[in-house]
>>> print(open('work.tsv').read())   # TSV, C-alpha atoms
chain	number	residue	atom	x	y	z
A	1324	MET	CA	28.95	43.58	-22.35
A	1325	VAL	CA	30.11	47.13	-23.00
A	1326	GLN	CA	32.85	48.80	-21.03
A	1327	ARG	CA	34.20	52.28	-21.52
A	1328	MET	CA	37.93	52.78	-22.15
A	1329	THR	CA	39.16	49.40	-20.87
A	1330	ARG	CA	40.75	46.52	-22.79
A	1331	ARG	CA	38.53	43.51	-22.21
A	1332	TRP	CA	36.47	40.98	-24.21
A	1333	TRP	CA	34.06	43.47	-25.58
A	1334	ILE	CA	34.98	47.09	-25.25
A	1335	VAL	CA	33.87	50.38	-26.64
A	1336	GLY	CA	36.27	53.33	-26.47
A	1337	SER	CA	35.02	56.86	-26.92
A	1338	GLY	CA	37.21	59.65	-28.24
A	1339	LEU	CA	38.43	61.72	-31.13
A	1340	ALA	CA	41.06	59.22	-32.35
A	1341	LEU	CA	38.52	56.40	-32.53
A	1342	ALA	CA	36.05	58.51	-34.47
A	1343	ALA	CA	38.65	59.73	-36.94
A	1344	LEU	CA	39.98	56.27	-37.68
A	1345	LEU	CA	36.58	54.71	-38.14
A	1346	LEU	CA	35.39	57.53	-40.35
A	1347	ILE	CA	38.36	57.31	-42.72
A	1348	ALA	CA	37.66	53.58	-42.94
A	1349	GLY	CA	34.24	54.22	-44.51
A	1350	GLY	CA	33.32	51.65	-47.12
A	1351	GLY	CA	35.99	49.23	-45.94
A	1352	LEU	CA	33.89	46.18	-45.12
A	1353	VAL	CA	32.45	44.30	-48.05
A	1354	VAL	CA	28.95	43.18	-47.07
A	1355	ASP	CA	26.42	41.68	-49.43
A	1356	SER	CA	23.39	43.93	-49.05
A	1357	ALA	CA	21.05	41.73	-51.12
A	1358	ARG	CA	18.13	40.35	-49.17
A	1359	ASP	CA	17.27	37.67	-51.72
A	1360	ASN	CA	18.80	34.20	-51.98
A	1361	VAL	CA	19.65	34.17	-48.26
A	1362	GLY	CA	20.73	30.78	-46.93
A	1363	TRP	CA	19.32	31.47	-43.45
A	1364	GLN	CA	16.27	33.14	-41.99
A	1365	PRO	CA	17.06	35.71	-39.26
A	1366	GLN	CA	15.11	35.22	-36.06
A	1367	GLY	CA	14.88	37.03	-32.74
A	1368	GLN	CA	15.88	40.51	-31.64
A	1369	ILE	CA	19.22	42.32	-31.62
A	1370	ILE	CA	19.94	44.53	-28.64
A	1371	VAL	CA	22.09	47.52	-29.56
A	1372	TRP	CA	24.05	49.92	-27.35
A	1373	ARG	CA	23.99	53.54	-28.51
A	1374	HIS	CA	26.46	56.24	-27.48
A	1375	ASP	CA	25.16	59.67	-28.44
A	1376	ASP	CA	28.45	61.58	-28.56
A	1377	ILE	CA	31.64	59.61	-29.13
A	1378	PHE	CA	33.66	62.81	-28.72
A	1379	GLN	CA	32.58	63.02	-25.07
A	1380	ALA	CA	33.24	60.30	-22.49
A	1381	ASN	CA	29.96	61.18	-20.74
A	1382	GLY	CA	27.77	61.16	-23.85
A	1383	ALA	CA	24.28	59.75	-23.32
A	1384	MET	CA	23.99	55.96	-23.48
A	1385	ARG	CA	20.90	53.98	-24.44
A	1386	LEU	CA	19.78	50.45	-25.25
A	1387	LEU	CA	17.75	49.83	-28.39
A	1388	VAL	CA	16.03	46.77	-29.84
A	1389	ALA	CA	15.97	45.92	-33.54
A	1390	GLU	CA	14.25	42.98	-35.20
A	1391	ALA	CA	16.57	40.41	-36.76
A	1392	ASP	CA	15.08	41.15	-40.19
A	1393	GLY	CA	16.69	44.60	-39.98
A	1394	THR	CA	13.56	46.59	-39.08
A	1395	GLY	CA	13.10	48.74	-36.02
A	1396	CYS	CA	15.97	50.01	-33.84
A	1397	ASN	CA	13.85	51.58	-31.13
A	1398	GLU	CA	14.89	52.75	-27.69
A	1399	VAL	CA	13.94	50.60	-24.69
A	1400	LEU	CA	16.18	52.04	-21.97
A	1401	ARG	CA	17.94	55.36	-21.45
A	1402	LEU	CA	20.79	54.70	-19.05
A	1403	PRO	CA	21.52	57.09	-16.16
A	1404	GLU	CA	24.17	59.78	-16.48
A	1405	GLY	CA	27.55	58.41	-15.44
A	1406	THR	CA	26.89	54.88	-16.69
A	1407	SER	CA	30.16	53.24	-17.72
A	1408	ASP	CA	29.57	49.49	-18.13
A	1409	VAL	CA	26.53	47.67	-19.55
A	1410	TYR	CA	25.89	43.92	-19.48
A	1411	VAL	CA	22.85	42.27	-21.12
A	1412	ALA	CA	21.88	38.79	-19.92
A	1413	PRO	CA	22.03	36.04	-22.59
A	1414	GLY	CA	18.26	35.74	-22.85
A	1415	GLY	CA	17.79	39.50	-23.22
A	1416	ARG	CA	15.40	39.89	-20.28
A	1417	ARG	CA	17.76	41.57	-17.80
A	1418	VAL	CA	20.51	44.16	-17.90
A	1419	ALA	CA	23.18	45.14	-15.37
A	1420	TYR	CA	24.96	48.48	-15.47
A	1421	VAL	CA	27.47	50.41	-13.37
A	1422	VAL	CA	26.89	54.10	-12.56
A	1423	GLY	CA	29.34	56.55	-11.04
A	1424	GLU	CA	32.41	56.29	-13.28
A	1425	ALA	CA	32.54	59.99	-14.17
A	1426	THR	CA	31.17	61.40	-10.90
A	1427	ASP	CA	32.30	61.80	-7.31
A	1428	ARG	CA	29.66	59.32	-6.17
A	1429	PRO	CA	30.55	55.70	-5.27
A	1430	ARG	CA	30.14	53.23	-8.11
A	1431	LYS	CA	26.78	51.45	-7.97
A	1432	LEU	CA	25.84	48.22	-9.72
A	1433	PHE	CA	22.20	48.17	-10.86
A	1434	VAL	CA	20.17	45.30	-12.27
A	1435	SER	CA	16.78	45.68	-13.96
A	1436	ALA	CA	14.54	44.34	-16.67
A	1437	LEU	CA	15.75	45.27	-20.15
A	1438	ASP	CA	13.28	48.16	-20.27
A	1439	GLY	CA	14.53	49.49	-16.91
A	1440	LYS	CA	11.59	48.29	-14.82
A	1441	GLY	CA	12.31	47.00	-11.34
A	1442	ALA	CA	15.78	48.56	-11.15
A	1443	ARG	CA	17.60	47.92	-7.88
A	1444	VAL	CA	21.10	48.44	-6.51
A	1445	LEU	CA	22.98	45.16	-6.25
A	1446	ALA	CA	26.26	46.51	-4.86
A	1447	THR	CA	28.09	49.77	-4.07
A	1448	GLY	CA	31.82	50.48	-3.98
A	1449	GLU	CA	34.89	49.45	-5.98
A	1450	ILE	CA	33.06	47.07	-8.30
A	1451	THR	CA	34.35	45.32	-11.39
A	1452	VAL	CA	31.79	43.25	-13.28
A	1453	THR	CA	32.74	40.11	-15.21
A	1454	GLY	CA	29.28	39.54	-16.70
A	1455	TRP	CA	26.42	37.04	-16.79
A	1456	ALA	CA	27.07	33.30	-16.51
A	1457	ASN	CA	23.45	32.65	-17.48
A	1458	ASP	CA	20.13	34.51	-17.34
A	1459	ARG	CA	20.09	34.52	-13.52
A	1460	LEU	CA	23.70	34.57	-12.28
A	1461	LEU	CA	25.79	37.75	-12.46
A	1462	VAL	CA	29.47	37.74	-11.48
A	1463	TYR	CA	31.38	40.76	-10.17
A	1464	ASP	CA	34.45	41.59	-8.09
A	1465	GLU	CA	34.28	43.40	-4.77
A	1466	ARG	CA	37.89	43.04	-3.70
A	1467	PRO	CA	39.17	40.93	-2.16
A	1468	ASP	CA	36.20	38.67	-2.92
A	1469	ALA	CA	34.57	37.53	-6.11
A	1470	VAL	CA	30.77	37.61	-5.87
A	1471	ILE	CA	28.10	35.50	-7.59
A	1472	ALA	CA	24.71	37.21	-7.35
A	1473	THR	CA	21.39	35.59	-8.15
A	1474	THR	CA	19.00	38.04	-9.83
A	1475	GLY	CA	15.26	37.89	-10.30
A	1476	PRO	CA	12.30	37.68	-7.93
A	1477	ASP	CA	13.71	34.68	-6.03
A	1478	ALA	CA	17.14	36.23	-5.51
A	1479	GLY	CA	18.85	35.16	-2.30
A	1480	ARG	CA	22.05	36.28	-0.65
A	1481	PRO	CA	25.06	36.47	-3.00
A	1482	THR	CA	27.81	33.86	-2.83
A	1483	ARG	CA	31.22	35.26	-1.88
A	1484	LEU	CA	34.34	33.40	-2.97
A	1485	SER	CA	37.51	33.98	-0.95
A	1486	LEU	CA	40.44	33.44	-3.29
A	1487	PRO	CA	44.24	33.38	-2.82
A	1488	ALA	CA	46.23	36.60	-2.87
A	1489	SER	CA	47.93	35.42	-6.08
A	1490	ARG	CA	44.60	35.64	-7.90
A	1491	THR	CA	44.58	38.27	-10.67
A	1492	GLY	CA	41.80	39.48	-12.94
A	1493	SER	CA	38.23	38.21	-12.99
A	1494	ILE	CA	36.66	34.84	-12.38
A	1495	TRP	CA	34.70	33.06	-15.11
A	1496	LEU	CA	31.68	31.07	-13.97
A	1497	SER	CA	30.43	27.97	-15.79
A	1498	PRO	CA	26.96	28.14	-17.41
A	1499	ASP	CA	25.49	25.90	-14.69
A	1500	GLY	CA	27.00	28.09	-11.94
A	1501	ARG	CA	28.84	25.20	-10.26
A	1502	ARG	CA	32.46	25.76	-11.34
A	1503	PHE	CA	34.67	28.74	-12.01
A	1504	VAL	CA	38.05	29.57	-13.54
A	1505	PHE	CA	40.51	32.19	-12.31
A	1506	ALA	CA	44.11	33.21	-13.01
A	1507	ARG	CA	47.10	33.06	-10.69
A	1508	LEU	CA	50.13	35.25	-11.35
A	1509	ARG	CA	53.61	34.79	-9.84
A	1510	ARG	CA	56.64	36.94	-10.57
A	1511	THR	CA	59.64	34.75	-11.45
A	1512	ALA	CA	62.20	37.45	-12.34
A	1513	PRO	CA	62.23	41.19	-13.06
A	1514	GLY	CA	59.83	41.68	-15.95
A	1515	SER	CA	58.82	37.98	-16.05
A	1516	TRP	CA	55.78	36.16	-14.67
A	1517	ARG	CA	54.34	32.68	-14.54
A	1518	VAL	CA	50.60	32.59	-15.06
A	1519	ALA	CA	48.19	29.71	-14.53
A	1520	LEU	CA	44.48	29.27	-15.14
A	1521	VAL	CA	42.88	27.00	-12.57
A	1522	LEU	CA	39.40	25.57	-12.05
A	1523	ARG	CA	37.49	25.15	-8.79
A	1524	ARG	CA	34.00	24.19	-7.69
A	1525	VAL	CA	31.86	26.93	-6.15
A	1526	ASP	CA	31.04	24.70	-3.15
A	1527	GLY	CA	34.77	24.31	-2.41
A	1528	THR	CA	34.92	20.54	-2.91
A	1529	GLY	CA	37.28	18.66	-5.19
A	1530	GLY	CA	40.38	20.85	-4.88
A	1531	THR	CA	41.96	22.84	-7.73
A	1532	LEU	CA	42.51	21.71	-11.34
A	1533	ALA	CA	45.21	23.37	-13.48
A	1534	LEU	CA	44.01	24.10	-17.03
A	1535	TYR	CA	46.76	26.24	-18.56
A	1536	ARG	CA	50.23	27.57	-17.70
A	1537	SER	CA	52.47	30.10	-19.39
A	1538	ASP	CA	55.69	32.02	-18.77
A	1539	THR	CA	55.23	35.56	-19.96
A	1540	ARG	CA	56.53	39.12	-19.91
A	1541	ASN	CA	52.95	40.40	-20.05
A	1542	PRO	CA	51.42	40.79	-16.56
A	1543	ASP	CA	47.88	41.05	-17.96
A	1544	PRO	CA	46.12	37.81	-17.00
A	1545	PRO	CA	44.63	35.51	-19.64
A	1546	GLU	CA	40.87	35.41	-19.95
A	1547	ALA	CA	38.50	32.47	-20.25
A	1548	ARG	CA	35.10	31.73	-21.80
A	1549	TRP	CA	33.07	28.60	-21.11
A	1550	ALA	CA	31.41	26.80	-24.00
A	1551	PRO	CA	27.61	26.88	-23.62
A	1552	ASP	CA	27.57	23.14	-22.88
A	1553	GLY	CA	30.31	23.52	-20.23
A	1554	ARG	CA	32.57	20.92	-21.83
A	1555	ARG	CA	35.41	23.15	-23.08
A	1556	ILE	CA	36.94	26.47	-22.10
A	1557	LEU	CA	38.28	29.09	-24.50
A	1558	ILE	CA	41.42	30.93	-23.36
A	1559	LEU	CA	42.72	34.24	-24.71
A	1560	ASP	CA	46.29	35.02	-23.67
A	1561	ALA	CA	48.14	38.01	-25.19
A	1562	GLY	CA	46.25	37.76	-28.47
A	1563	ARG	CA	46.51	33.97	-28.77
A	1564	MET	CA	43.54	31.59	-28.51
A	1565	TYR	CA	43.46	28.12	-26.97
A	1566	THR	CA	40.76	25.67	-25.96
A	1567	VAL	CA	40.95	23.05	-23.24
A	1568	GLY	CA	38.54	20.49	-21.83
A	1569	SER	CA	36.91	21.38	-18.53
A	1570	ASP	CA	38.64	18.26	-17.18
A	1571	GLY	CA	42.02	19.84	-18.00
A	1572	ALA	CA	42.70	17.56	-20.98
A	1573	ASP	CA	43.26	18.25	-24.69
A	1574	LEU	CA	44.78	21.75	-24.71
A	1575	ARG	CA	44.75	23.06	-28.31
A	1576	SER	CA	46.23	26.20	-29.82
A	1577	LEU	CA	43.95	27.96	-32.34
A	1578	THR	CA	46.33	30.83	-33.25
A	1579	PRO	CA	49.24	30.15	-35.62
A	1580	PRO	CA	52.78	30.95	-34.39
A	1581	GLY	CA	54.02	34.49	-34.91
A	1582	ASP	CA	54.25	37.58	-32.71
A	1583	ALA	CA	52.72	39.86	-35.37
A	1584	MET	CA	49.46	37.89	-35.46
A	1585	TYR	CA	46.83	38.23	-32.76
A	1586	ASP	CA	43.16	37.50	-32.12
A	1587	VAL	CA	40.66	39.48	-30.03
A	1588	GLY	CA	37.04	39.24	-28.85
A	1589	PRO	CA	36.41	35.47	-29.27
A	1590	MET	CA	32.92	34.14	-28.60
A	1591	TRP	CA	31.49	30.61	-28.61
A	1592	SER	CA	28.55	29.88	-30.88
A	1593	PRO	CA	25.35	28.89	-29.04
A	1594	ASP	CA	25.73	25.30	-30.34
A	1595	ALA	CA	29.35	25.21	-29.02
A	1596	ARG	CA	30.68	24.12	-32.43
A	1597	ARG	CA	32.40	27.31	-33.61
A	1598	ILE	CA	34.21	30.40	-32.37
A	1599	LEU	CA	33.73	33.89	-33.77
A	1600	PHE	CA	36.61	36.35	-33.33
A	1601	SER	CA	38.39	39.36	-34.83
A	1602	SER	CA	41.97	39.17	-36.05
A	1603	ASN	CA	44.74	40.61	-38.23
A	1604	ARG	CA	45.55	37.15	-39.67
A	1605	HIS	CA	45.09	38.40	-43.23
A	1606	ALA	CA	47.72	41.11	-42.70
A	1607	PRO	CA	49.91	40.36	-39.64
A	1608	GLY	CA	51.57	43.43	-38.20
A	1609	SER	CA	49.64	45.86	-40.43
A	1610	GLY	CA	47.93	49.06	-39.32
A	1611	GLU	CA	48.59	51.39	-36.43
A	1612	GLU	CA	49.50	50.01	-33.01
A	1613	ASP	CA	46.18	50.86	-31.41
A	1614	TYR	CA	43.93	50.49	-34.47
A	1615	PRO	CA	45.21	47.55	-36.50
A	1616	ARG	CA	43.55	46.10	-39.54
A	1617	LEU	CA	41.12	43.60	-38.01
A	1618	ASP	CA	38.39	41.54	-39.63
A	1619	VAL	CA	35.84	39.05	-38.34
A	1620	TYR	CA	36.67	35.33	-38.63
A	1621	VAL	CA	35.03	32.05	-37.67
A	1622	ILE	CA	36.77	28.76	-36.83
A	1623	ASP	CA	35.54	25.35	-35.71
A	1624	SER	CA	36.23	24.60	-32.06
A	1625	ASP	CA	38.82	21.97	-33.05
A	1626	GLY	CA	40.81	24.57	-35.02
A	1627	SER	CA	39.62	23.51	-38.49
A	1628	ASP	CA	37.64	25.34	-41.20
A	1629	LEU	CA	38.96	28.87	-40.63
A	1630	ARG	CA	36.99	31.44	-42.63
A	1631	ARG	CA	37.33	35.19	-43.00
A	1632	LEU	CA	33.89	36.80	-42.93
A	1633	THR	CA	34.57	40.52	-43.43
A	1634	PHE	CA	37.05	42.20	-45.78
A	1635	THR	CA	38.61	45.56	-44.92
A	1636	LYS	CA	40.21	48.07	-47.26
A	1637	THR	CA	41.82	50.29	-44.63
A	1638	PHE	CA	41.42	50.16	-40.87
A	1639	GLY	CA	39.23	47.28	-39.81
A	1640	VAL	CA	37.14	46.39	-36.81
A	1641	ASN	CA	38.38	48.62	-34.00
A	1642	PRO	CA	39.81	46.48	-31.16
A	1643	TRP	CA	37.85	48.40	-28.50
A	1644	SER	CA	34.60	47.15	-30.07
A	1645	ALA	CA	35.90	44.03	-31.76
A	1646	ARG	CA	33.51	41.43	-30.43
A	1647	ALA	CA	30.99	40.23	-32.96
A	1648	ILE	CA	27.95	38.42	-31.52
A	1649	TRP	CA	26.20	35.24	-32.63
A	1650	SER	CA	22.59	34.75	-33.69
A	1651	PRO	CA	20.66	32.25	-31.51
A	1652	ASP	CA	20.76	29.63	-34.32
A	1653	SER	CA	24.56	29.97	-34.80
A	1654	ARG	CA	24.10	30.84	-38.50
A	1655	ALA	CA	24.72	34.60	-38.51
A	1656	PHE	CA	26.41	37.36	-36.52
A	1657	ALA	CA	26.06	41.07	-35.72
A	1658	PHE	CA	28.95	43.52	-35.44
A	1659	GLN	CA	29.90	47.19	-35.56
A	1660	ARG	CA	30.57	48.49	-39.07
A	1661	HIS	CA	31.95	52.06	-39.14
A	1662	LEU	CA	29.91	53.19	-36.11
A	1663	SER	CA	26.73	51.47	-37.39
A	1664	ALA	CA	25.32	48.15	-36.20
A	1665	ALA	CA	25.24	45.52	-38.95
A	1666	MET	CA	24.56	41.81	-39.45
A	1667	LEU	CA	25.75	39.08	-41.83
A	1668	GLY	CA	25.23	35.36	-42.35
A	1669	LEU	CA	28.10	32.90	-41.98
A	1670	ASP	CA	27.58	32.15	-45.68
A	1671	ARG	CA	28.06	35.93	-46.27
A	1672	THR	CA	24.47	36.42	-47.42
A	1673	GLY	CA	21.80	38.68	-45.94
A	1674	GLY	CA	24.15	41.46	-44.93
A	1675	ARG	CA	22.39	44.63	-43.82
A	1676	THR	CA	22.71	47.65	-41.55
A	1677	ILE	CA	20.55	47.43	-38.43
A	1678	CYS	CA	21.04	50.84	-36.84
A	1679	PRO	CA	22.78	53.39	-39.11
A	1680	ALA	CA	25.22	55.89	-37.64
A	1681	SER	CA	24.69	59.61	-38.16
A	1682	ARG	CA	26.32	61.37	-41.08
A	1683	GLN	CA	28.08	63.66	-38.61
A	1684	GLY	CA	29.92	60.64	-37.18
A	1685	ASP	CA	29.17	61.58	-33.57
A	1686	VAL	CA	26.81	58.68	-32.70
A	1687	GLU	CA	27.84	55.03	-32.62
A	1688	PHE	CA	25.89	51.79	-32.38
A	1689	LEU	CA	27.24	48.48	-31.12
A	1690	PRO	CA	25.31	45.16	-31.02
A	1691	VAL	CA	25.54	43.68	-27.53
A	1692	ALA	CA	23.19	40.67	-27.67
A	1693	TRP	CA	21.15	38.69	-30.19
A	1694	THR	CA	18.33	36.95	-28.40
A	1695	PRO	CA	15.23	34.92	-29.15
A	1696	PRO	CA	12.12	37.15	-29.21
A	1697	VAL	CA	11.59	38.73	-25.79
A	1698	PRO	CA	7.83	38.52	-25.04
A	1699	GLY	CA	6.19	41.74	-23.92
A	1700	LEU	CA	9.15	43.99	-24.76
A	1701	GLU	CA	7.77	47.25	-26.11
A	1702	SER	CA	9.99	49.92	-27.63
A	1703	ARG	CA	9.64	53.56	-26.66
A	1704	ARG	CA	9.80	55.70	-29.78
>>> encode(input="work.tsv", output="structure tokens")
Amino acid sequence: MVQRMTRRWWIVGSGLALAALLLIAGGGLVVDSARDNVGWQPQGQIIVWRHDDIFQANGAMRLLVAEADGTGCNEVLRLPEGTSDVYVAPGGRRVAYVVGEATDRPRKLFVSALDGKGARVLATGEITVTGWANDRLLVYDERPDAVIATTGPDAGRPTRLSLPASRTGSIWLSPDGRRFVFARLRRTAPGSWRVALVLRRVDGTGGTLALYRSDTRNPDPPEARWAPDGRRILILDAGRMYTVGSDGADLRSLTPPGDAMYDVGPMWSPDARRILFSSNRHAPGSGEEDYPRLDVYVIDSDGSDLRRLTFTKTFGVNPWSARAIWSPDSRAFAFQRHLSAAMLGLDRTGGRTICPASRQGDVEFLPVAWTPPVPGLESRR
């Protein structure tokens, strides 16, 4: 998922400050560029988002496909002018995108094949997209309702969920499409709130299950991510990570105590055993307020075996594009390295640039999905 100029799980900001900070950070990440003695064999295709002019909010946006061995990086879809948000389905066959952010036209949500074929308008109006729950189900907000839309040839009418007025933020749908999590926010005193994450079934049966509660001075709601097997839920609240069972049991904190330390962009591995995220744990409180010194880390889902995967000399992974993505076999990841798209194994072997940024520093590339091979996908050169 790529969103322009908003602080969410995976965000790309465009502007002069971002470009300047990333350019002065050149050479900061230590990546082993050797292709020999690699402990894993890259498979599949990496889908990359390209922004043609980071100095302009309305710079052209495209989707490209690169082979996991580092070859290719060819255009498959040129997105319409005014596109702001892009969401690639987990299997890489479909893409959703919102058009109308920088125009006077109403916002429109489109869905199409990855190469743009079969594009159709799914919704029009004040739309906020959460993302794909699986390859068929797309979740978006059309206030006051949350909407679950089935895509594909057999698409039926969308499911609308009427939620309480205390609901804030998005909903997060389980991989099987049967349950969802949302946040409730209640003001307890001036400048103080009580927030709760709760779980419900889509069909309305079974009542509501509380997963997480917190008293906070930050009105931004926590966010949630389901493990691929649906057994646990990852929570990100004000830079702190937790996991909890989908039955509400076994809440665990994954972030050490300390206000100067925070984590961003966490993502479950496909095998549900590990979590990839970016953090300033190696240098709490360092860097500028908006562009801290972040690096990519991995941790087991039970909080053990924390490992730092990238090493930064100056400014690190920019928090507006801080979400690294997993390979389908859970053995490697792709990420943005100084405006270029790059990849690296969890054992820190096989590092390489996938799509190199221009020397002028005006074009950026961000990996948005790493999928098994997509049959029949042909790149336009």
>>> closest_residue(input="work.tsv", among="A:Pro1476, A:Gly1562, A:Gly1454, A:Pro1651", to="A:Tyr1410", atoms="only C-alpha atoms")
A:Gly1454
>>> closest_residue(input="work.tsv", among="A:Ala1472, A:Ala1647, A:Ala1383, A:Val1521", to="A:Thr1453", atoms="all atoms listed in the file")
A:Ala1472
>>> residues_near_point(input="work.tsv", point="(44.3, 34.3, -5.7)", cutoff="10 Å", atoms="only C-alpha atoms", output="ChimeraX atom specification")
/A:1467-1468,1485-1492,1505-1508
>>> write_last_selection(input="work.tsv", atoms="C-alpha atoms", output="PDB file, in the coordinates of the input")
ATOM      1  CA  PRO A1467      39.170  40.930  -2.160  1.00  0.00           C
ATOM      2  CA  ASP A1468      36.200  38.670  -2.920  1.00  0.00           C
ATOM      3  CA  SER A1485      37.510  33.980  -0.950  1.00  0.00           C
ATOM      4  CA  LEU A1486      40.440  33.440  -3.290  1.00  0.00           C
ATOM      5  CA  PRO A1487      44.240  33.380  -2.820  1.00  0.00           C
ATOM      6  CA  ALA A1488      46.230  36.600  -2.870  1.00  0.00           C
ATOM      7  CA  SER A1489      47.930  35.420  -6.080  1.00  0.00           C
ATOM      8  CA  ARG A1490      44.600  35.640  -7.900  1.00  0.00           C
ATOM      9  CA  THR A1491      44.580  38.270 -10.670  1.00  0.00           C
ATOM     10  CA  GLY A1492      41.800  39.480 -12.940  1.00  0.00           C
ATOM     11  CA  PHE A1505      40.510  32.190 -12.310  1.00  0.00           C
ATOM     12  CA  ALA A1506      44.110  33.210 -13.010  1.00  0.00           C
ATOM     13  CA  ARG A1507      47.100  33.060 -10.690  1.00  0.00           C
ATOM     14  CA  LEU A1508      50.130  35.250 -11.350  1.00  0.00           C
TER      15      LEU A1508
END
>>> closest_residue(input="work.tsv", among="A:Gly1514, A:Trp1693, A:Gly1568, A:Gln1364", to="A:Asp1670", atoms="only C-alpha atoms")
A:Gln1364
>>> closest_residue(input="work.tsv", among="A:Gln1366, A:Thr1394, A:Ser1407, A:Thr1451", to="A:Ile1677", atoms="all atoms listed in the file")
A:Thr1394
>>> atom_distance(input="work.tsv", atom1="atom CA of A:Glu1398", atom2="atom CA of A:Val1371")
9.1 Å
>>> atom_distance(input="work.tsv", atom1="atom CA of A:Ala1665", atom2="atom CA of A:Gly1553")
29.3 Å
>>> atom_distance(input="work.tsv", atom1="atom CA of A:Pro1545", atom2="atom CA of A:Ala1561")
7.0 Å
>>> residues_around(input="work.tsv", residues="stretch 1574-1584 of chain A", least_positions_apart="6", cutoff="8 Å", atoms="only C-alpha atoms", output="compact mmCIF listing (two decimals) with C-alpha atoms, in the frame of the given file")
# COMPACT_ATOMS: atom_id res chain seq x y z
CA TYR A 1535 46.76 26.24 -18.56
CA GLY A 1562 46.25 37.76 -28.47
CA ARG A 1563 46.51 33.97 -28.77
CA MET A 1564 43.54 31.59 -28.51
CA TYR A 1565 43.46 28.12 -26.97
CA THR A 1566 40.76 25.67 -25.96
CA VAL A 1567 40.95 23.05 -23.24
CA GLY A 1568 38.54 20.49 -21.83
CA SER A 1602 41.97 39.17 -36.05
CA ASN A 1603 44.74 40.61 -38.23
CA ARG A 1604 45.55 37.15 -39.67
CA PRO A 1607 49.91 40.36 -39.64
CA GLY A 1608 51.57 43.43 -38.20
CA ASP A 1625 38.82 21.97 -33.05
CA GLY A 1626 40.81 24.57 -35.02
>>> residues_around(input="work.tsv", residues="A:His1374", least_positions_apart="3", cutoff="6 Å", atoms="all atoms listed in the file", output="number ranges by chain")
A: 1383-1384, 1686-1687
>>> closest_residue(input="work.tsv", among="A:Ser1601, A:Thr1694, A:Thr1447, A:Asn1457", to="A:Gln1368", atoms="only C-alpha atoms")
A:Thr1694
>>> closest_residue(input="work.tsv", among="A:Ala1606, A:Ala1680, A:Ala1657, A:Ala1436", to="A:Ile1369", atoms="only C-alpha atoms")
A:Ala1657
>>> build_atoms(input="work.tsv", residues="stretch 1394-1407 of chain A", atoms="N, CA and C atoms", output="mmCIF file, in the frame of the given file")
data_model
loop_
_atom_site.group_PDB
_atom_site.id
_atom_site.type_symbol
_atom_site.label_atom_id
_atom_site.label_comp_id
_atom_site.auth_asym_id
_atom_site.auth_seq_id
_atom_site.Cartn_x
_atom_site.Cartn_y
_atom_site.Cartn_z
ATOM 1 N N THR A 1394 14.514 45.509 -39.339
ATOM 2 C CA THR A 1394 13.560 46.590 -39.080
ATOM 3 C C THR A 1394 13.665 47.048 -37.629
ATOM 4 N N GLY A 1395 13.132 48.227 -37.381
ATOM 5 C CA GLY A 1395 13.100 48.740 -36.020
ATOM 6 C C GLY A 1395 14.356 49.496 -35.657
ATOM 7 N N CYS A 1396 14.868 49.297 -34.499
ATOM 8 C CA CYS A 1396 15.970 50.010 -33.840
ATOM 9 C C CYS A 1396 15.369 51.109 -32.970
ATOM 10 N N ASN A 1397 14.582 50.678 -31.993
ATOM 11 C CA ASN A 1397 13.850 51.580 -31.130
ATOM 12 C C ASN A 1397 14.374 51.515 -29.697
ATOM 13 N N GLU A 1398 14.363 52.650 -29.044
ATOM 14 C CA GLU A 1398 14.890 52.750 -27.690
ATOM 15 C C GLU A 1398 14.008 52.006 -26.692
ATOM 16 N N VAL A 1399 14.655 51.243 -25.779
ATOM 17 C CA VAL A 1399 13.940 50.600 -24.690
ATOM 18 C C VAL A 1399 14.419 51.075 -23.320
ATOM 19 N N LEU A 1400 15.661 51.594 -23.257
ATOM 20 C CA LEU A 1400 16.180 52.040 -21.970
ATOM 21 C C LEU A 1400 17.190 53.157 -22.177
ATOM 22 N N ARG A 1401 16.951 54.280 -21.490
ATOM 23 C CA ARG A 1401 17.940 55.360 -21.450
ATOM 24 C C ARG A 1401 18.697 55.223 -20.144
ATOM 25 N N LEU A 1402 20.001 54.982 -20.231
ATOM 26 C CA LEU A 1402 20.790 54.700 -19.050
ATOM 27 C C LEU A 1402 21.113 55.979 -18.285
ATOM 28 N N PRO A 1403 21.264 55.886 -16.967
ATOM 29 C CA PRO A 1403 21.520 57.090 -16.160
ATOM 30 C C PRO A 1403 22.842 57.750 -16.529
ATOM 31 N N GLU A 1404 22.922 59.053 -16.269
ATOM 32 C CA GLU A 1404 24.170 59.780 -16.480
ATOM 33 C C GLU A 1404 25.264 59.174 -15.614
ATOM 34 N N GLY A 1405 26.450 59.017 -16.179
ATOM 35 C CA GLY A 1405 27.550 58.410 -15.440
ATOM 36 C C GLY A 1405 27.661 56.915 -15.605
ATOM 37 N N THR A 1406 26.782 56.317 -16.436
ATOM 38 C CA THR A 1406 26.890 54.880 -16.690
ATOM 39 C C THR A 1406 28.163 54.587 -17.470
ATOM 40 N N SER A 1407 28.906 53.573 -17.038
ATOM 41 C CA SER A 1407 30.160 53.240 -17.720
ATOM 42 C C SER A 1407 30.122 51.851 -18.336
#
